[in-house]
>>> print(open('my_file21.txt').read())   # compact mmCIF, C-alpha atoms
# COMPACT_ATOMS: atom_id res chain seq x y z
CA MET A 718 -17.38 11.29 6.24
CA LYS A 719 -14.50 8.84 6.57
CA LEU A 720 -11.10 10.29 5.71
CA LEU A 721 -7.88 8.43 4.93
CA HIS A 722 -5.01 10.77 5.91
CA VAL A 723 -1.52 9.75 4.81
CA ASP A 724 1.72 11.57 5.67
CA ALA A 725 4.87 10.73 3.72
CA SER A 726 7.50 13.14 5.02
CA PRO A 727 10.54 11.56 6.72
CA LYS A 728 10.64 14.59 9.02
CA SER A 729 8.63 14.77 12.22
CA VAL A 730 7.90 18.06 13.98
CA ASN A 731 9.87 20.01 11.36
CA SER A 732 7.72 18.84 8.44
CA SER A 733 5.72 21.54 6.70
CA SER A 734 3.63 19.01 4.76
CA ARG A 735 2.61 17.33 8.03
CA THR A 736 1.74 20.68 9.59
CA LEU A 737 -0.38 21.67 6.61
CA SER A 738 -2.19 18.33 6.39
CA ARG A 739 -3.06 18.52 10.11
CA PHE A 740 -4.28 22.08 9.55
CA PHE A 741 -6.62 20.84 6.82
CA VAL A 742 -7.96 17.94 8.88
CA ASP A 743 -8.61 20.26 11.84
CA ARG A 744 -10.49 22.70 9.61
CA LEU A 745 -12.47 19.89 8.03
CA ARG A 746 -13.44 18.54 11.44
CA ALA A 747 -14.71 21.99 12.39
CA HIS A 748 -17.14 21.72 9.47
CA ILE A 749 -17.87 18.00 9.95
CA PRO A 750 -17.84 17.10 13.68
CA SER A 751 -18.56 13.46 12.85
CA LEU A 752 -15.42 13.18 10.70
CA SER A 753 -13.72 9.79 11.09
CA VAL A 754 -9.98 9.78 10.35
CA ASP A 755 -7.95 6.71 9.40
CA TYR A 756 -4.32 7.84 9.70
CA LEU A 757 -1.21 6.31 8.14
CA ASP A 758 2.34 7.59 8.65
CA LEU A 759 4.56 6.10 5.97
CA ALA A 760 7.70 7.13 7.86
CA LEU A 761 6.69 5.33 11.05
CA THR A 762 4.97 2.42 9.29
CA PRO A 763 7.06 1.76 6.16
CA LEU A 764 5.58 -0.53 3.56
CA PRO A 765 7.40 -3.69 2.47
CA PRO A 766 9.26 -3.43 -0.85
CA ILE A 767 7.68 -4.80 -4.01
CA SER A 768 9.08 -8.30 -4.41
CA GLU A 769 9.14 -10.85 -7.20
CA ILE A 770 6.53 -12.97 -5.42
CA PHE A 771 4.31 -9.91 -4.93
CA THR A 772 4.48 -9.11 -8.64
CA ARG A 773 3.65 -12.67 -9.69
CA ALA A 774 0.81 -12.82 -7.18
CA THR A 775 -0.87 -9.68 -8.52
CA TYR A 776 -1.16 -11.30 -11.96
CA THR A 777 -2.34 -14.65 -10.64
CA PRO A 778 -6.11 -15.23 -10.28
CA PRO A 779 -7.08 -15.15 -6.56
CA GLU A 780 -8.23 -18.77 -6.60
CA ASP A 781 -4.83 -19.89 -7.93
CA ARG A 782 -2.63 -18.00 -5.46
CA THR A 783 -0.41 -20.01 -3.17
CA PRO A 784 -0.24 -19.32 0.58
CA GLU A 785 3.08 -17.56 -0.06
CA MET A 786 1.44 -15.33 -2.66
CA ARG A 787 -1.44 -14.48 -0.34
CA ALA A 788 1.02 -13.58 2.39
CA ALA A 789 2.96 -11.35 0.00
CA LEU A 790 -0.24 -9.48 -0.90
CA SER A 791 -1.62 -9.18 2.63
CA VAL A 792 -0.35 -5.65 3.34
CA SER A 793 -1.51 -4.45 -0.07
CA ASP A 794 -4.92 -6.10 0.35
CA ALA A 795 -5.42 -4.39 3.72
CA LEU A 796 -4.27 -1.02 2.41
CA CYS A 797 -6.60 -1.25 -0.61
CA ARG A 798 -9.50 -2.00 1.74
CA ARG A 799 -8.68 1.12 3.75
CA LEU A 800 -8.49 3.16 0.56
CA LEU A 801 -11.76 1.85 -0.84
CA SER A 802 -13.66 2.28 2.42
CA ALA A 803 -12.81 5.98 2.70
CA ASP A 804 -15.00 8.78 1.36
CA ALA A 805 -12.10 11.21 1.06
CA LEU A 806 -8.32 10.99 0.80
CA VAL A 807 -5.63 13.42 1.96
CA PHE A 808 -2.05 12.67 0.98
CA ALA A 809 0.70 14.97 2.23
CA MET A 810 4.29 14.89 1.02
CA PRO A 811 7.37 16.94 0.27
CA MET A 812 8.77 17.06 -3.23
CA HIS A 813 11.97 15.01 -3.39
CA ASN A 814 14.19 15.59 -6.43
CA TRP A 815 11.29 17.00 -8.45
CA THR A 816 8.89 14.13 -7.78
CA MET A 817 7.28 12.11 -4.98
CA PRO A 818 9.27 10.74 -2.01
CA ALA A 819 10.23 7.08 -2.20
CA SER A 820 7.82 6.12 0.59
CA PHE A 821 4.86 7.48 -1.36
CA LYS A 822 5.99 5.91 -4.63
CA LEU A 823 5.96 2.58 -2.79
CA PHE A 824 2.48 3.43 -1.49
CA VAL A 825 1.30 3.97 -5.08
CA ASP A 826 2.90 0.71 -6.23
CA THR A 827 1.18 -1.07 -3.35
CA ILE A 828 -2.35 0.21 -4.00
CA VAL A 829 -2.58 0.16 -7.81
CA ARG A 830 -4.05 -3.34 -7.98
CA GLY A 831 -5.93 -5.07 -10.76
CA GLY A 832 -9.31 -6.34 -9.54
CA LEU A 833 -9.25 -3.96 -6.57
CA THR A 834 -8.47 -0.35 -7.49
CA TYR A 835 -8.88 -0.84 -11.22
CA ILE A 836 -10.76 -3.33 -13.36
CA ALA A 837 -9.76 -4.66 -16.77
CA THR A 838 -12.88 -4.90 -18.94
CA ASP A 839 -13.63 -7.44 -21.63
CA ASP A 840 -13.31 -4.77 -24.32
CA GLY A 841 -9.75 -3.89 -23.31
CA ARG A 842 -10.37 -0.84 -21.15
CA TYR A 843 -9.11 -0.17 -17.63
CA VAL A 844 -11.62 1.36 -15.24
CA GLY A 845 -10.59 2.81 -11.89
CA THR A 846 -12.73 2.10 -8.84
CA LEU A 847 -12.00 5.28 -6.83
CA GLY A 848 -14.09 7.64 -8.91
CA ASP A 849 -16.38 8.61 -6.03
CA LYS A 850 -13.55 9.74 -3.70
CA LYS A 851 -12.60 13.29 -2.84
CA LEU A 852 -8.82 13.62 -3.11
CA LEU A 853 -6.41 16.27 -1.86
CA PHE A 854 -2.64 16.33 -2.31
CA VAL A 855 -0.79 18.66 0.05
CA THR A 856 2.74 19.14 -1.27
CA THR A 857 5.71 21.22 -0.20
CA ARG A 858 8.39 22.32 -2.64
CA GLY A 859 11.81 23.76 -1.93
CA VAL A 860 11.66 26.16 -4.89
CA ASP A 861 8.82 27.87 -6.71
CA LEU A 862 7.49 25.70 -9.55
CA ARG A 863 4.43 27.76 -10.40
CA PRO A 864 3.83 28.59 -14.11
CA GLY A 865 6.15 31.33 -15.31
CA THR A 866 8.92 30.59 -12.81
CA PRO A 867 12.37 29.33 -13.90
CA PHE A 868 11.74 25.87 -12.39
CA ALA A 869 8.17 25.39 -13.68
CA ALA A 870 9.20 22.71 -16.20
CA MET A 871 10.88 20.66 -13.44
CA ASP A 872 7.63 19.64 -11.73
CA ALA A 873 7.45 15.89 -12.23
CA LEU A 874 5.38 15.42 -9.06
CA THR A 875 2.03 16.82 -10.16
CA PRO A 876 1.74 14.90 -13.46
CA ALA A 877 2.92 11.66 -11.83
CA LEU A 878 0.26 11.90 -9.12
CA ARG A 879 -2.46 12.86 -11.61
CA ALA A 880 -1.55 9.92 -13.83
CA ALA A 881 -1.41 7.31 -11.07
CA PHE A 882 -4.64 8.31 -9.34
CA GLY A 883 -6.41 9.11 -12.59
CA PHE A 884 -5.73 5.53 -13.65
CA ILE A 885 -7.51 4.22 -10.55
CA GLY A 886 -10.46 6.51 -11.11
CA VAL A 887 -9.85 9.93 -9.51
CA ASP A 888 -10.11 12.57 -12.23
CA ALA A 889 -10.61 15.68 -10.08
CA ALA A 890 -7.80 15.70 -7.53
CA HIS A 891 -7.13 18.91 -5.64
CA PHE A 892 -3.56 20.16 -5.20
CA VAL A 893 -2.42 22.63 -2.58
CA ASP A 894 1.28 23.30 -3.09
CA ALA A 895 3.32 25.32 -0.60
CA GLN A 896 6.19 26.87 -2.54
CA PRO A 897 8.95 28.08 -2.27
CA LEU A 898 10.06 26.82 1.16
CA GLN A 899 13.50 25.28 1.62
CA PHE A 900 15.39 27.55 -0.79
CA ALA A 901 13.56 30.79 -0.04
CA ARG A 902 13.87 33.89 2.10
CA GLU A 903 11.90 33.87 5.34
CA GLU A 904 9.27 36.28 4.02
CA GLU A 905 8.78 34.13 0.90
CA ARG A 906 8.44 31.01 3.03
CA ALA A 907 5.91 32.69 5.32
CA ALA A 908 3.89 33.88 2.31
CA ALA A 909 3.93 30.39 0.77
CA LEU A 910 2.62 28.79 3.96
CA ALA A 911 -0.04 31.49 4.34
CA ARG A 912 -1.23 30.93 0.74
CA ALA A 913 -1.43 27.18 1.34
CA LYS A 914 -3.41 27.58 4.56
CA GLU A 915 -5.85 29.93 2.86
CA GLU A 916 -6.43 27.39 0.08
CA LEU A 917 -6.79 24.54 2.56
CA ALA A 918 -9.28 26.42 4.70
CA ALA A 919 -11.39 27.21 1.64
CA LEU A 920 -11.31 23.58 0.47
CA ALA A 921 -12.27 22.32 3.94
CA GLY A 922 -15.30 24.58 3.80
CA SER A 923 -16.20 23.30 0.35
CA TRP A 924 -15.95 19.66 1.42
CA GLY A 925 -17.94 20.44 4.55
CA ARG A 926 -20.74 22.05 2.57
CA ALA A 927 -20.94 18.95 0.36
CA VAL A 928 -21.89 16.74 3.31
CA PRO A 929 -25.69 16.26 3.58
CA ARG A 930 -27.22 18.45 6.29
CA ALA A 931 -28.86 15.39 7.87
CA ALA A 932 -25.45 13.85 8.47
CA LEU A 933 -24.20 17.05 10.09
CA SER A 934 -27.23 17.29 12.38
CA GLN A 935 -26.74 13.68 13.50
CA ALA A 936 -23.12 14.51 14.34
CA GLY A 937 -24.08 17.35 16.68
>>> encode(input="my_file21.txt", output="structure tokens")
Amino acid sequence: MKLLHVDASPKSVNSSSRTLSRFFVDRLRAHIPSLSVDYLDLALTPLPPISEIFTRATYTPPEDRTPEMRAALSVSDALCRRLLSADALVFAMPMHNWTMPASFKLFVDTIVRGGLTYIATDDGRYVGTLGDKKLLFVTTRGVDLRPGTPFAAMDALTPALRAAFGFIGVDAAHFVDAQPLQFAREEERAAALARAKEELAALAGSWGRAVPRAALSQAG
């Protein structure tokens, strides 16, 4: 299995989303020794902003693009290739102001590409090309946004991620949300992290069991 692992927190050692995503990858590797990880840190390797030339280039047929247009799309082209070549995707991020951090929003804007991650059909439909990918979002939230809590209606992160990645073909994304963290008592924070790790360990086992036994035996 080839995994694309993306961290989006601006924090380093103090990031809970980074800690949890590493926990998941370590557990997954225990089940799949041959696991190959392609890692991207959006804080250390920020993506270029979406420019006017980038936008025009995305709607220009490839054969008609100027050298300037091709240069503007080069980072996006490379990132889409990494995305499409992976079997599974793990994206980790904190919730910022009820939705995704700016670095991950830019990631989404960079990889939602006509002709690459979605196809416009002759009958007017849009078909995503990532339908065969496993996808996990590991998110951390300062307050508790679970159903029935006072802040439940403030979760703009989950629907935004479902919409963006559903459009490019992933209908069954997994979410593991650690909450509440920042604005919580220590015992609540500890319980939230423990719940998240339990869910992540179970999902790693599920993904590991889905790998053909022949592939696992070749790895050992």
>>> atom_distance(input="my_file21.txt", atom1="atom CA of A:Val723", atom2="atom CA of A:Arg863")
24.3 Å
>>> closest_residue(input="my_file21.txt", among="A:His891, A:Arg799, A:Arg830, A:Arg773", to="A:Val844", atoms="only C-alpha atoms")
A:Arg830
>>> closest_residue(input="my_file21.txt", among="A:Ile828, A:Leu847, A:Ala873, A:Val855", to="A:Asp804", atoms="all atoms listed in the file")
A:Leu847
>>> residues_around(input="my_file21.txt", residues="A:Arg879", least_positions_apart="3", cutoff="12 Å", atoms="only C-alpha atoms", output="list in words")
Met817, Val825, Leu852, Leu853, Phe854, Ala873, Leu874, Thr875, Pro876, Phe882, Gly883, Phe884, Ile885, Gly886, Val887, Asp888, Ala889, Ala890, His891 and Phe892 of chain A
>>> write_last_selection(input="my_file21.txt", atoms="C-alpha atoms", output="PDB file, in the frame of the given file")
ATOM      1  CA  MET A 817       7.280  12.110  -4.980  1.00  0.00           C
ATOM      2  CA  VAL A 825       1.300   3.970  -5.080  1.00  0.00           C
ATOM      3  CA  LEU A 852      -8.820  13.620  -3.110  1.00  0.00           C
ATOM      4  CA  LEU A 853      -6.410  16.270  -1.860  1.00  0.00           C
ATOM      5  CA  PHE A 854      -2.640  16.330  -2.310  1.00  0.00           C
ATOM      6  CA  ALA A 873       7.450  15.890 -12.230  1.00  0.00           C
ATOM      7  CA  LEU A 874       5.380  15.420  -9.060  1.00  0.00           C
ATOM      8  CA  THR A 875       2.030  16.820 -10.160  1.00  0.00           C
ATOM      9  CA  PRO A 876       1.740  14.900 -13.460  1.00  0.00           C
ATOM     10  CA  PHE A 882      -4.640   8.310  -9.340  1.00  0.00           C
ATOM     11  CA  GLY A 883      -6.410   9.110 -12.590  1.00  0.00           C
ATOM     12  CA  PHE A 884      -5.730   5.530 -13.650  1.00  0.00           C
ATOM     13  CA  ILE A 885      -7.510   4.220 -10.550  1.00  0.00           C
ATOM     14  CA  GLY A 886     -10.460   6.510 -11.110  1.00  0.00           C
ATOM     15  CA  VAL A 887      -9.850   9.930  -9.510  1.00  0.00           C
ATOM     16  CA  ASP A 888     -10.110  12.570 -12.230  1.00  0.00           C
ATOM     17  CA  ALA A 889     -10.610  15.680 -10.080  1.00  0.00           C
ATOM     18  CA  ALA A 890      -7.800  15.700  -7.530  1.00  0.00           C
ATOM     19  CA  HIS A 891      -7.130  18.910  -5.640  1.00  0.00           C
ATOM     20  CA  PHE A 892      -3.560  20.160  -5.200  1.00  0.00           C
TER      21      PHE A 892
END
>>> closest_residue(input="my_file21.txt", among="A:Leu764, A:Leu898, A:Ala907, A:Met786", to="A:Leu862", atoms="all atoms listed in the file")
A:Leu898
>>> atom_distance(input="my_file21.txt", atom1="atom CA of A:Ala909", atom2="atom CA of A:Asp894")
8.5 Å
>>> residues_around(input="my_file21.txt", residues="A:Arg906", least_positions_apart="5", cutoff="9 Å", atoms="all atoms listed in the file", output="VMD selection string")
chain A and resid 895 to 901 911
>>> atom_distance(input="my_file21.txt", atom1="atom CA of A:Lys851", atom2="atom CA of A:Met718")
10.5 Å
>>> closest_residue(input="my_file21.txt", among="A:Val742, A:Leu757, A:Leu720, A:Ala788", to="A:Leu801", atoms="all atoms listed in the file")
A:Leu720
>>> closest_residue(input="my_file21.txt", among="A:Gly831, A:Leu800, A:Ser734, A:Leu878", to="A:Pro778", atoms="all atoms listed in the file")
A:Gly831
